[in-house]
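Text of my_file_22.pdb (PDB, C-alpha atoms) as supplied:
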ATOM      1  CA  MET A   3       0.000   0.000   0.000
ATOM      2  CA  SER A   4       1.422   3.388  -1.009
ATOM      3  CA  ARG A   5       2.190   6.050   1.589
ATOM      4  CA  ARG A   6      -0.297   8.445  -0.014
ATOM      5  CA  LYS A   7      -3.113   5.926   0.225
ATOM      6  CA  THR A   8      -2.214   5.007   3.796
ATOM      7  CA  GLU A   9      -2.345   8.675   4.818
ATOM      8  CA  ARG A  10      -5.685   9.148   3.045
ATOM      9  CA  LEU A  11      -7.252   6.156   4.809
ATOM     10  CA  LEU A  12      -5.920   7.318   8.157
ATOM     11  CA  ASN A  13      -7.296  10.816   7.583
ATOM     12  CA  LEU A  14     -10.654   9.334   6.609
ATOM     13  CA  VAL A  15     -10.804   7.314   9.829
ATOM     14  CA  ILE A  16      -9.905  10.376  11.917
ATOM     15  CA  CYS A  17     -12.536  12.447  10.135
ATOM     16  CA  LEU A  18     -15.318   9.909  10.640
ATOM     17  CA  LEU A  19     -14.344   9.364  14.273
ATOM     18  CA  ALA A  20     -14.193  13.055  15.121
ATOM     19  CA  THR A  21     -17.545  14.077  13.674
ATOM     20  CA  SER A  22     -20.570  14.320  15.959
ATOM     21  CA  ARG A  23     -23.010  13.786  13.098
ATOM     22  CA  PRO A  24     -22.923  11.730   9.886
ATOM     23  CA  LEU A  25     -21.066  13.513   7.075
ATOM     24  CA  PRO A  26     -22.145  13.377   3.421
ATOM     25  CA  ALA A  27     -19.597  12.346   0.796
ATOM     26  CA  ASP A  28     -19.218  15.878  -0.587
ATOM     27  CA  GLN A  29     -18.224  17.210   2.807
ATOM     28  CA  ILE A  30     -15.815  14.335   3.391
ATOM     29  CA  ARG A  31     -14.229  15.161   0.044
ATOM     30  CA  GLN A  32     -13.584  18.716   1.162
ATOM     31  CA  VAL A  33     -11.998  17.951   4.536
ATOM     32  CA  VAL A  34     -10.024  14.733   3.881
ATOM     33  CA  PRO A  35      -6.693  15.319   2.076
ATOM     34  CA  GLY A  36      -6.271  13.135  -0.988
ATOM     35  CA  TYR A  37      -9.777  13.548  -2.386
ATOM     36  CA  ASP A  38      -9.901  17.232  -3.306
ATOM     37  CA  ARG A  39      -7.925  16.934  -6.582
ATOM     38  CA  ASP A  40     -10.051  14.267  -8.223
ATOM     39  CA  GLY A  41     -13.083  14.622 -10.471
ATOM     40  CA  ASP A  42     -16.543  13.565  -9.334
ATOM     41  CA  GLU A  43     -16.461  10.045 -10.821
ATOM     42  CA  ALA A  44     -12.884   9.414  -9.715
ATOM     43  CA  PHE A  45     -13.733  10.559  -6.201
ATOM     44  CA  GLN A  46     -16.785   8.283  -5.988
ATOM     45  CA  ARG A  47     -14.776   5.253  -7.103
ATOM     46  CA  MET A  48     -11.927   6.036  -4.705
ATOM     47  CA  PHE A  49     -14.278   6.718  -1.805
ATOM     48  CA  GLU A  50     -16.139   3.426  -2.355
ATOM     49  CA  ARG A  51     -12.871   1.495  -2.471
ATOM     50  CA  ASP A  52     -11.622   3.185   0.694
ATOM     51  CA  LYS A  53     -14.846   2.389   2.578
ATOM     52  CA  ASN A  54     -14.679  -1.256   1.515
ATOM     53  CA  GLU A  55     -11.019  -1.619   2.521
ATOM     54  CA  LEU A  56     -11.652  -0.108   5.954
ATOM     55  CA  ARG A  57     -14.597  -2.425   6.508
ATOM     56  CA  GLU A  58     -12.537  -5.436   5.437
ATOM     57  CA  ILE A  59     -10.005  -4.738   8.185
ATOM     58  CA  GLY A  60     -12.760  -4.425  10.772
ATOM     59  CA  ILE A  61     -13.417  -0.674  10.963
ATOM     60  CA  PRO A  62     -17.217  -0.175  11.224
ATOM     61  CA  ILE A  63     -18.400   2.666   8.974
ATOM     62  CA  GLU A  64     -22.063   3.387   9.558
ATOM     63  CA  VAL A  65     -24.340   4.795   6.851
ATOM     64  CA  HIS A  66     -27.218   7.086   7.897
ATOM     65  CA  LYS A  67     -29.983   8.104   5.482
ATOM     66  CA  ASP A  68     -31.967  11.094   6.624
ATOM     67  CA  PRO A  69     -35.316  11.365   4.785
ATOM     68  CA  TRP A  70     -34.794  15.144   4.599
ATOM     69  CA  ASP A  71     -31.405  14.869   2.874
ATOM     70  CA  ASP A  72     -30.635  13.689  -0.627
ATOM     71  CA  GLU A  73     -27.287  12.080   0.230
ATOM     72  CA  PRO A  74     -26.486   9.563   2.992
ATOM     73  CA  GLY A  75     -24.059  10.434   5.755
ATOM     74  CA  TYR A  76     -21.129   8.431   7.130
ATOM     75  CA  ARG A  77     -19.450   8.169  10.518
ATOM     76  CA  ILE A  78     -17.579   5.761  12.792
ATOM     77  CA  VAL A  79     -19.128   5.220  16.212
ATOM     78  CA  ARG A  80     -16.287   5.405  18.707
ATOM     79  CA  GLN A  81     -17.735   2.695  20.965
ATOM     80  CA  ALA A  82     -17.810   0.254  18.039
ATOM     81  CA  TYR A  83     -14.297   1.196  16.915
ATOM     82  CA  GLU A  84     -12.368   1.161  20.181
ATOM     83  CA  LEU A  85     -10.994  -2.050  21.625
ATOM     84  CA  PRO A  86     -12.339  -3.248  24.955
ATOM     85  CA  GLU A  87     -10.084  -3.191  27.986
ATOM     86  CA  ILE A  88      -7.286  -5.740  27.614
ATOM     87  CA  THR A  89      -6.965  -8.120  30.547
ATOM     88  CA  LEU A  90      -4.472 -10.961  30.407
ATOM     89  CA  ALA A  91      -3.670 -13.689  32.859
ATOM     90  CA  PRO A  92       0.015 -13.878  33.895
ATOM     91  CA  ASP A  93       0.664 -16.948  31.728
ATOM     92  CA  GLU A  94      -1.001 -15.302  28.705
ATOM     93  CA  ALA A  95       1.083 -12.155  29.127
ATOM     94  CA  ALA A  96       4.233 -14.260  29.440
ATOM     95  CA  VAL A  97       3.460 -16.052  26.180
ATOM     96  CA  LEU A  98       3.046 -12.698  24.404
ATOM     97  CA  GLY A  99       6.389 -11.511  25.712
ATOM     98  CA  LEU A 100       8.033 -14.746  24.596
ATOM     99  CA  ALA A 101       6.446 -14.474  21.147
ATOM    100  CA  ALA A 102       7.896 -10.983  20.720
ATOM    101  CA  GLN A 103      11.339 -12.315  21.660
ATOM    102  CA  VAL A 104      11.060 -14.952  18.936
ATOM    103  CA  TRP A 105      11.174 -12.206  16.278
ATOM    104  CA  ARG A 106      13.883 -10.156  17.984
ATOM    105  CA  ARG A 107      16.541 -10.772  15.334
ATOM    106  CA  ALA A 108      14.183 -11.241  12.391
ATOM    107  CA  SER A 109      12.607  -8.904   9.863
ATOM    108  CA  LEU A 110       9.439  -8.563  11.964
ATOM    109  CA  ALA A 111      11.374  -7.536  15.069
ATOM    110  CA  GLU A 112      10.346  -3.884  14.875
ATOM    111  CA  ALA A 113       6.626  -4.690  14.621
ATOM    112  CA  ALA A 114       6.815  -7.247  17.442
ATOM    113  CA  GLY A 115       8.704  -4.838  19.683
ATOM    114  CA  GLY A 116       6.209  -2.069  18.967
ATOM    115  CA  ALA A 117       3.277  -4.291  19.847
ATOM    116  CA  LEU A 118       4.934  -5.300  23.108
ATOM    117  CA  LEU A 119       5.625  -1.658  23.968
ATOM    118  CA  LYS A 120       1.968  -0.718  23.396
ATOM    119  CA  LEU A 121       0.800  -3.544  25.672
ATOM    120  CA  ARG A 122       3.109  -2.377  28.432
ATOM    121  CA  ALA A 123       1.972   1.230  27.973
ATOM    122  CA  ALA A 124      -1.615   0.032  28.462
ATOM    123  CA  GLY A 125      -0.649  -1.513  31.797
ATOM    124  CA  VAL A 126      -0.260  -5.129  30.659
ATOM    125  CA  GLU A 127       2.711  -6.789  32.337
ATOM    126  CA  THR A 128       4.534  -8.927  29.753
ATOM    127  CA  GLN A 129       7.625 -10.064  31.616
ATOM    128  CA  GLU A 130       8.694 -13.579  30.709
ATOM    129  CA  SER A 131       8.923 -14.703  34.328
ATOM    130  CA  GLY A 132       9.600 -18.398  34.635
ATOM    131  CA  MET A 133      10.655 -18.645  30.979
ATOM    132  CA  ASP A 134      14.189 -17.315  31.190
ATOM    133  CA  ALA A 135      15.584 -20.709  30.290
ATOM    134  CA  LEU A 136      13.832 -20.603  26.904
ATOM    135  CA  GLU A 137      15.753 -18.988  24.068
ATOM    136  CA  LEU A 138      13.589 -19.134  20.940
ATOM    137  CA  ARG A 139      14.491 -17.400  17.685
ATOM    138  CA  VAL A 140      12.906 -17.265  14.246
ATOM    139  CA  ASP A 141      15.364 -16.782  11.385
ATOM    140  CA  THR A 142      13.851 -14.821   8.486
ATOM    141  CA  ARG A 143      17.035 -13.629   6.888
ATOM    142  CA  ASP A 144      15.945 -14.856   3.471
ATOM    143  CA  PRO A 145      16.022 -11.620   1.422
ATOM    144  CA  SER A 146      12.620 -12.359  -0.114
ATOM    145  CA  PHE A 147      10.783 -12.788   3.200
ATOM    146  CA  PRO A 148       9.701  -9.155   3.821
ATOM    147  CA  ALA A 149       8.255  -8.702   0.319
ATOM    148  CA  LEU A 150       6.417 -12.035   0.423
ATOM    149  CA  TRP A 151       5.053 -11.391   3.905
ATOM    150  CA  GLU A 152       3.708  -8.041   2.724
ATOM    151  CA  ALA A 153       2.175  -9.688  -0.362
ATOM    152  CA  VAL A 154       0.348 -12.228   1.825
ATOM    153  CA  ARG A 155      -0.846  -9.438   4.102
ATOM    154  CA  ASP A 156      -2.049  -7.310   1.174
ATOM    155  CA  ARG A 157      -3.473 -10.311  -0.761
ATOM    156  CA  ARG A 158      -1.433  -9.328  -3.796
ATOM    157  CA  ALA A 159       0.199 -11.472  -6.486
ATOM    158  CA  VAL A 160       3.982 -11.462  -6.919
ATOM    159  CA  ARG A 161       6.564 -12.369  -9.536
ATOM    160  CA  PHE A 162      10.040 -13.741  -8.837
ATOM    161  CA  ASP A 163      12.801 -15.896 -10.302
ATOM    162  CA  TYR A 164      12.927 -19.362  -8.761
ATOM    163  CA  ARG A 165      15.738 -21.886  -8.959
ATOM    164  CA  THR A 166      14.423 -25.456  -9.069
ATOM    165  CA  ALA A 167      16.061 -28.186  -7.000
ATOM    166  CA  GLY A 168      16.672 -30.511  -9.935
ATOM    167  CA  SER A 169      18.124 -28.336 -12.698
ATOM    168  CA  GLY A 170      19.332 -25.381 -10.664
ATOM    169  CA  GLN A 171      18.091 -23.021 -13.379
ATOM    170  CA  ALA A 172      16.112 -19.938 -12.375
ATOM    171  CA  ARG A 173      12.719 -19.453 -14.017
ATOM    172  CA  THR A 174      10.215 -16.656 -13.568
ATOM    173  CA  ARG A 175       7.103 -17.548 -11.570
ATOM    174  CA  THR A 176       3.932 -15.535 -11.013
ATOM    175  CA  VAL A 177       2.242 -16.595  -7.786
ATOM    176  CA  GLU A 178      -0.868 -15.683  -5.833
ATOM    177  CA  PRO A 179       0.470 -16.110  -2.279
ATOM    178  CA  TRP A 180      -1.718 -17.735   0.364
ATOM    179  CA  GLY A 181       0.731 -17.805   3.263
ATOM    180  CA  VAL A 182       4.348 -18.013   4.457
ATOM    181  CA  VAL A 183       5.141 -21.139   6.477
ATOM    182  CA  SER A 184       8.198 -22.266   8.425
ATOM    183  CA  ARG A 185       9.123 -25.938   8.657
ATOM    184  CA  ARG A 186      12.312 -27.489  10.018
ATOM    185  CA  GLY A 187      14.226 -24.223   9.856
ATOM    186  CA  ARG A 188      13.190 -23.380   6.288
ATOM    187  CA  TRP A 189      10.651 -20.868   5.009
ATOM    188  CA  TYR A 190       8.166 -21.553   2.228
ATOM    189  CA  ILE A 191       5.619 -19.528   0.287
ATOM    190  CA  VAL A 192       2.417 -21.395  -0.582
ATOM    191  CA  GLY A 193       0.026 -20.227  -3.256
ATOM    192  CA  HIS A 194      -1.439 -20.548  -6.730
ATOM    193  CA  ASP A 195       1.094 -20.666  -9.560
ATOM    194  CA  ARG A 196      -0.527 -18.808 -12.451
ATOM    195  CA  ASP A 197       1.929 -20.188 -14.992
ATOM    196  CA  ARG A 198       1.045 -23.792 -14.138
ATOM    197  CA  ASP A 199      -2.528 -23.119 -13.018
ATOM    198  CA  ASP A 200      -2.031 -25.165  -9.851
ATOM    199  CA  HIS A 201      -1.065 -24.713  -6.218
ATOM    200  CA  ARG A 202       2.660 -24.837  -5.504
ATOM    201  CA  VAL A 203       5.132 -24.594  -2.621
ATOM    202  CA  PHE A 204       8.333 -22.536  -3.080
ATOM    203  CA  ARG A 205      11.301 -22.509  -0.748
ATOM    204  CA  LEU A 206      12.408 -18.942  -0.028
ATOM    205  CA  SER A 207      16.111 -19.801  -0.154
ATOM    206  CA  ARG A 208      15.706 -20.721  -3.845
ATOM    207  CA  ILE A 209      14.212 -17.366  -4.827
ATOM    208  CA  THR A 210      16.801 -15.264  -6.632
ATOM    209  CA  GLY A 211      16.655 -11.515  -7.101
ATOM    210  CA  ALA A 212      13.818  -9.206  -6.161
ATOM    211  CA  VAL A 213      10.161 -10.056  -5.534
ATOM    212  CA  THR A 214       7.923  -7.795  -7.624
ATOM    213  CA  PRO A 215       4.240  -7.077  -6.793
ATOM    214  CA  VAL A 216       1.784  -7.822  -9.598
ATOM    215  CA  GLY A 217      -1.671  -6.283  -9.897
ATOM    216  CA  ARG A 218      -3.698  -4.583  -7.212
ATOM    217  CA  PRO A 219      -3.907  -5.394  -3.479
ATOM    218  CA  GLY A 220      -6.895  -7.474  -2.438
ATOM    219  CA  ALA A 221      -6.991  -9.493  -5.671
ATOM    220  CA  VAL A 222      -5.790 -12.778  -4.140
ATOM    221  CA  ARG A 223      -8.389 -15.056  -2.584
ATOM    222  CA  VAL A 224      -7.355 -18.007  -0.403
ATOM    223  CA  PRO A 225      -9.554 -21.050  -1.142
ATOM    224  CA  PRO A 226     -11.590 -22.264   1.844
ATOM    225  CA  GLY A 227     -10.256 -25.260   3.719
ATOM    226  CA  VAL A 228      -6.615 -24.793   2.660
ATOM    227  CA  ASP A 229      -4.125 -26.261   5.160
ATOM    228  CA  LEU A 230      -0.827 -24.523   4.449
ATOM    229  CA  ARG A 231       1.205 -26.566   6.917
ATOM    230  CA  GLU A 232      -0.024 -29.820   5.430
ATOM    231  CA  MET A 233       0.858 -28.625   1.936
ATOM    232  CA  VAL A 234       4.394 -27.788   3.020
ATOM    233  CA  GLY A 235       4.713 -31.042   4.945
ATOM    234  CA  TYR A 236       4.610 -33.439   2.051
ATOM    235  CA  ARG A 237       6.638 -31.365  -0.409
ATOM    236  CA  ASP A 238      10.364 -30.788  -0.695
ATOM    237  CA  ASP A 239      11.053 -33.163   2.178
ATOM    238  CA  GLN A 240      13.128 -35.896   0.592
ATOM    239  CA  ALA A 241      16.054 -37.120   2.650
ATOM    240  CA  MET A 242      19.393 -35.823   1.399
ATOM    241  CA  PRO A 243      22.650 -37.744   1.776
ATOM    242  CA  GLU A 244      25.190 -36.361   4.187
ATOM    243  CA  ARG A 245      28.350 -34.805   2.767
ATOM    244  CA  THR A 246      31.379 -32.948   4.058
ATOM    245  CA  ALA A 247      32.021 -29.270   3.387
ATOM    246  CA  LEU A 248      35.532 -27.854   3.518
ATOM    247  CA  LEU A 249      35.540 -24.372   5.048
ATOM    248  CA  ARG A 250      38.121 -21.677   5.725
ATOM    249  CA  LEU A 251      37.595 -19.907   9.056
ATOM    250  CA  ARG A 252      39.286 -16.731  10.170
ATOM    251  CA  THR A 253      41.399 -17.502  13.240
ATOM    252  CA  GLY A 254      39.551 -16.789  16.489
ATOM    253  CA  THR A 255      36.094 -16.540  14.898
ATOM    254  CA  CYS A 256      33.110 -18.801  14.097
ATOM    255  CA  GLN A 257      33.105 -20.663  17.394
ATOM    256  CA  GLY A 258      29.762 -22.309  16.602
ATOM    257  CA  VAL A 259      31.145 -23.778  13.383
ATOM    258  CA  ARG A 260      34.271 -24.964  15.146
ATOM    259  CA  HIS A 261      32.193 -26.680  17.819
ATOM    260  CA  LEU A 262      30.228 -28.683  15.231
ATOM    261  CA  ALA A 263      33.109 -29.334  12.857
ATOM    262  CA  ARG A 264      34.437 -32.842  12.485
ATOM    263  CA  GLU A 265      37.990 -31.510  12.247
ATOM    264  CA  VAL A 266      39.701 -28.116  12.511
ATOM    265  CA  ARG A 267      43.333 -27.565  11.479
ATOM    266  CA  PRO A 268      45.572 -24.509  10.950
ATOM    267  CA  ALA A 269      45.860 -23.286   7.361
ATOM    268  CA  GLY A 270      48.239 -20.349   7.849
ATOM    269  CA  ASP A 271      47.933 -16.621   7.109
ATOM    270  CA  GLY A 272      45.353 -16.123   9.869
ATOM    271  CA  TRP A 273      43.009 -18.868   8.663
ATOM    272  CA  ASP A 274      41.993 -22.369   9.739
ATOM    273  CA  GLU A 275      40.387 -25.177   7.759
ATOM    274  CA  ALA A 276      37.314 -26.997   9.062
ATOM    275  CA  GLU A 277      35.341 -30.002   7.860
ATOM    276  CA  VAL A 278      31.600 -29.810   8.547
ATOM    277  CA  VAL A 279      29.061 -32.529   7.816
ATOM    278  CA  PHE A 280      25.870 -31.282   6.104
ATOM    279  CA  ALA A 281      22.971 -32.543   3.977
ATOM    280  CA  ASP A 282      21.146 -29.519   2.559
ATOM    281  CA  PRO A 283      23.419 -26.913   0.902
ATOM    282  CA  GLU A 284      20.749 -24.210   1.179
ATOM    283  CA  ARG A 285      20.383 -24.688   4.914
ATOM    284  CA  LEU A 286      24.158 -24.673   5.326
ATOM    285  CA  ALA A 287      24.350 -21.492   3.224
ATOM    286  CA  GLY A 288      21.767 -19.732   5.400
ATOM    287  CA  TRP A 289      23.962 -20.381   8.434
ATOM    288  CA  LEU A 290      27.340 -19.552   6.883
ATOM    289  CA  ALA A 291      26.169 -16.432   5.052
ATOM    290  CA  SER A 292      25.262 -14.875   8.412
ATOM    291  CA  LEU A 293      28.941 -15.124   9.434
ATOM    292  CA  GLY A 294      30.013 -12.758   6.672
ATOM    293  CA  SER A 295      33.683 -12.510   5.760
ATOM    294  CA  ASP A 296      34.863 -14.771   8.593
ATOM    295  CA  VAL A 297      34.037 -17.939   6.662
ATOM    296  CA  GLU A 298      34.656 -19.131   3.110
ATOM    297  CA  VAL A 299      33.335 -22.314   1.505
ATOM    298  CA  VAL A 300      36.047 -24.133  -0.440
ATOM    299  CA  ASP A 301      34.107 -27.271  -1.360
ATOM    300  CA  PRO A 302      31.651 -28.592  -2.550
ATOM    301  CA  PRO A 303      30.755 -26.168  -5.374
ATOM    302  CA  ASP A 304      26.974 -26.260  -4.829
ATOM    303  CA  ALA A 305      27.366 -25.191  -1.178
ATOM    304  CA  ARG A 306      29.767 -22.412  -2.211
ATOM    305  CA  ASP A 307      27.332 -21.209  -4.891
ATOM    306  CA  ALA A 308      24.454 -21.257  -2.388
ATOM    307  CA  VAL A 309      26.365 -18.940  -0.017
ATOM    308  CA  ILE A 310      27.234 -16.579  -2.883
ATOM    309  CA  ARG A 311      23.560 -16.403  -3.913
ATOM    310  CA  ARG A 312      22.553 -15.588  -0.337
ATOM    311  CA  LEU A 313      25.084 -12.778  -0.080
ATOM    312  CA  LYS A 314      24.154 -11.331  -3.458
ATOM    313  CA  GLY A 315      20.485 -11.486  -2.528
ATOM    314  CA  ALA A 316      21.155  -9.645   0.730
ATOM    315  CA  MET A 317      23.067  -6.951  -1.162
ATOM    316  CA  ALA A 318      20.196  -6.571  -3.636
TER     317      ALA A 318
END

Just give me the structure of the file as structure tokens.
Amino acid sequence: MSRRKTERLLNLVICLLATSRPLPADQIRQVVPGYDRDGDEAFQRMFERDKNELREIGIPIEVHKDPWDDEPGYRIVRQAYELPEITLAPDEAAVLGLAAQVWRRASLAEAAGGALLKLRAAGVETQESGMDALELRVDTRDPSFPALWEAVRDRRAVRFDYRTAGSGQARTRTVEPWGVVSRRGRWYIVGHDRDRDDHRVFRLSRITGAVTPVGRPGAVRVPPGVDLREMVGYRDDQAMPERTALLRLRTGTCQGVRHLAREVRPAGDGWDEAEVVFADPERLAGWLASLGSDVEVVDPPDARDAVIRRLKGAMA
């Protein structure tokens, strides 16, 4: 959603909340920024779309038809708009605090932290008492995650280049996203593939380049009865044989890699060599790419290429 549209919707909500009587459309057009430059037909279409979008997200816009007036009036009743008082049991508040911690290092960290701050400002205690031993984290460092999450939220189709597991070649896909799902440390986008006219599951780590929105928000409809987790569960889950990756580690760094390595030996010039057992090159790449310049994959080539793709995607 564009910034201009967001501001217009927010101004419309403020206008309809602040009025003590229902306002006709012509008056709303005069006082809400964003409407005054449009012609009559364009304004009517935009105003109808804005009303529908606000109602879809749960904002109750009431319509009042006075028999003495030609045009109906609109307003938002504050009692219907405001949330009731939030009361949480201690265990419920603790779960909310723990959920916000899950996203602390991920792309949704800012939103989760903001929600937690608002709860505390409203007097809700969200300390994670009794859960200090838990250290949960959600890794969403796939470069495509933010754009896909926004597309699911806005019910908007997307286009991206996707590298298949078999050939390794990237092909353009146009997808109507239904949801983003995490399974066994990997993230997937589930939706309708327009090019194949069928539902598909795509692993985020195999998306290359940028994710581009297609069409207007609100165009995607999720079929009833769809179980996203079940769809992800039976796809892309074949067992992979274990292999050994040869890595170069900067001396004194990458302690986690060293701990899991089968062997670590000096290589000279401030570097060490390590042998790490792995099965999925994409999962290994997601871990090693986060270590930046302190690690280099020497072998095998597919694991090295996977790390390079991750780093290039993050730069893009």

(message) Quick check, in Å to one decimal: how far apart do atom CA of A:Val279 and atom CA of A:Ala247 lie?
(response)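 A separation of 6.2 Å between them.
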
List the neighbours of A:Leu18 out to 10 Å using all atoms listed in the file; skip same-chain residues closer than 3 positions along the sequence, and give me the result as an mmCIF file with C-alpha atoms, keeping the file's coordinate frame.
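Generated output (result-v1.cif):
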data_model
loop_
_atom_site.group_PDB
_atom_site.id
_atom_site.type_symbol
_atom_site.label_atom_id
_atom_site.label_comp_id
_atom_site.auth_asym_id
_atom_site.auth_seq_id
_atom_site.Cartn_x
_atom_site.Cartn_y
_atom_site.Cartn_z
ATOM 1 C CA ASN A 13 -7.296 10.816 7.583
ATOM 2 C CA LEU A 14 -10.654 9.334 6.609
ATOM 3 C CA VAL A 15 -10.804 7.314 9.829
ATOM 4 C CA THR A 21 -17.545 14.077 13.674
ATOM 5 C CA SER A 22 -20.570 14.320 15.959
ATOM 6 C CA ARG A 23 -23.010 13.786 13.098
ATOM 7 C CA PRO A 24 -22.923 11.730 9.886
ATOM 8 C CA LEU A 25 -21.066 13.513 7.075
ATOM 9 C CA ILE A 30 -15.815 14.335 3.391
ATOM 10 C CA VAL A 34 -10.024 14.733 3.881
ATOM 11 C CA ILE A 63 -18.400 2.666 8.974
ATOM 12 C CA GLU A 64 -22.063 3.387 9.558
ATOM 13 C CA TYR A 76 -21.129 8.431 7.130
ATOM 14 C CA ARG A 77 -19.450 8.169 10.518
ATOM 15 C CA ILE A 78 -17.579 5.761 12.792
ATOM 16 C CA VAL A 79 -19.128 5.220 16.212
ATOM 17 C CA ARG A 80 -16.287 5.405 18.707
#

(request) Report the distance between atom CA of A:Leu150 and atom CA of A:Ser207 in Å, rounded to one decimal place. (result)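 Computed distance, atom CA of A:Leu150 to atom CA of A:Ser207, equals 12.4 Å.
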
(request) Evaluate the PyMOL selection byres ((chain A and resi 39-54) around 9) and record the selected residues as a PyMOL selection string, following the chain and residue labels used in the document. (result) chain A and resi 7+10-11+14+27+31+35-38+55-59+63

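By only C-alpha atoms, and with residues fewer than 2 positions from A:Ala291 along its chain excluded, the set lying at most 9 Å from it is Leu286, Ala287, Gly288, Trp289, Leu293, Gly294, Ser295, Val297, Val309, Ile310, Arg312 and Leu313 of chain A.
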
(message) So, with only C-alpha atoms as the atoms that count, which of A:Leu262, A:Ala305, A:Val213, A:Val183 lies closest to A:Glu152?
(response)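 So, comparing all the options, the nearest one is A:Val213.
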
(request) List, as number ranges by chain, every residue that the PyMOL selection byres ((chain A and resi 257) around 12) selects in the file provided. (result) A: 251-256, 258-263, 266, 274, 276, 293, 296-297

(message) Please report the interatomic distance between atom CA of A:Pro62 and atom CA of A:Glu9 in Å with one decimal.
(response)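 Taking atom CA of A:Pro62 and atom CA of A:Glu9, their separation equals 18.5 Å.
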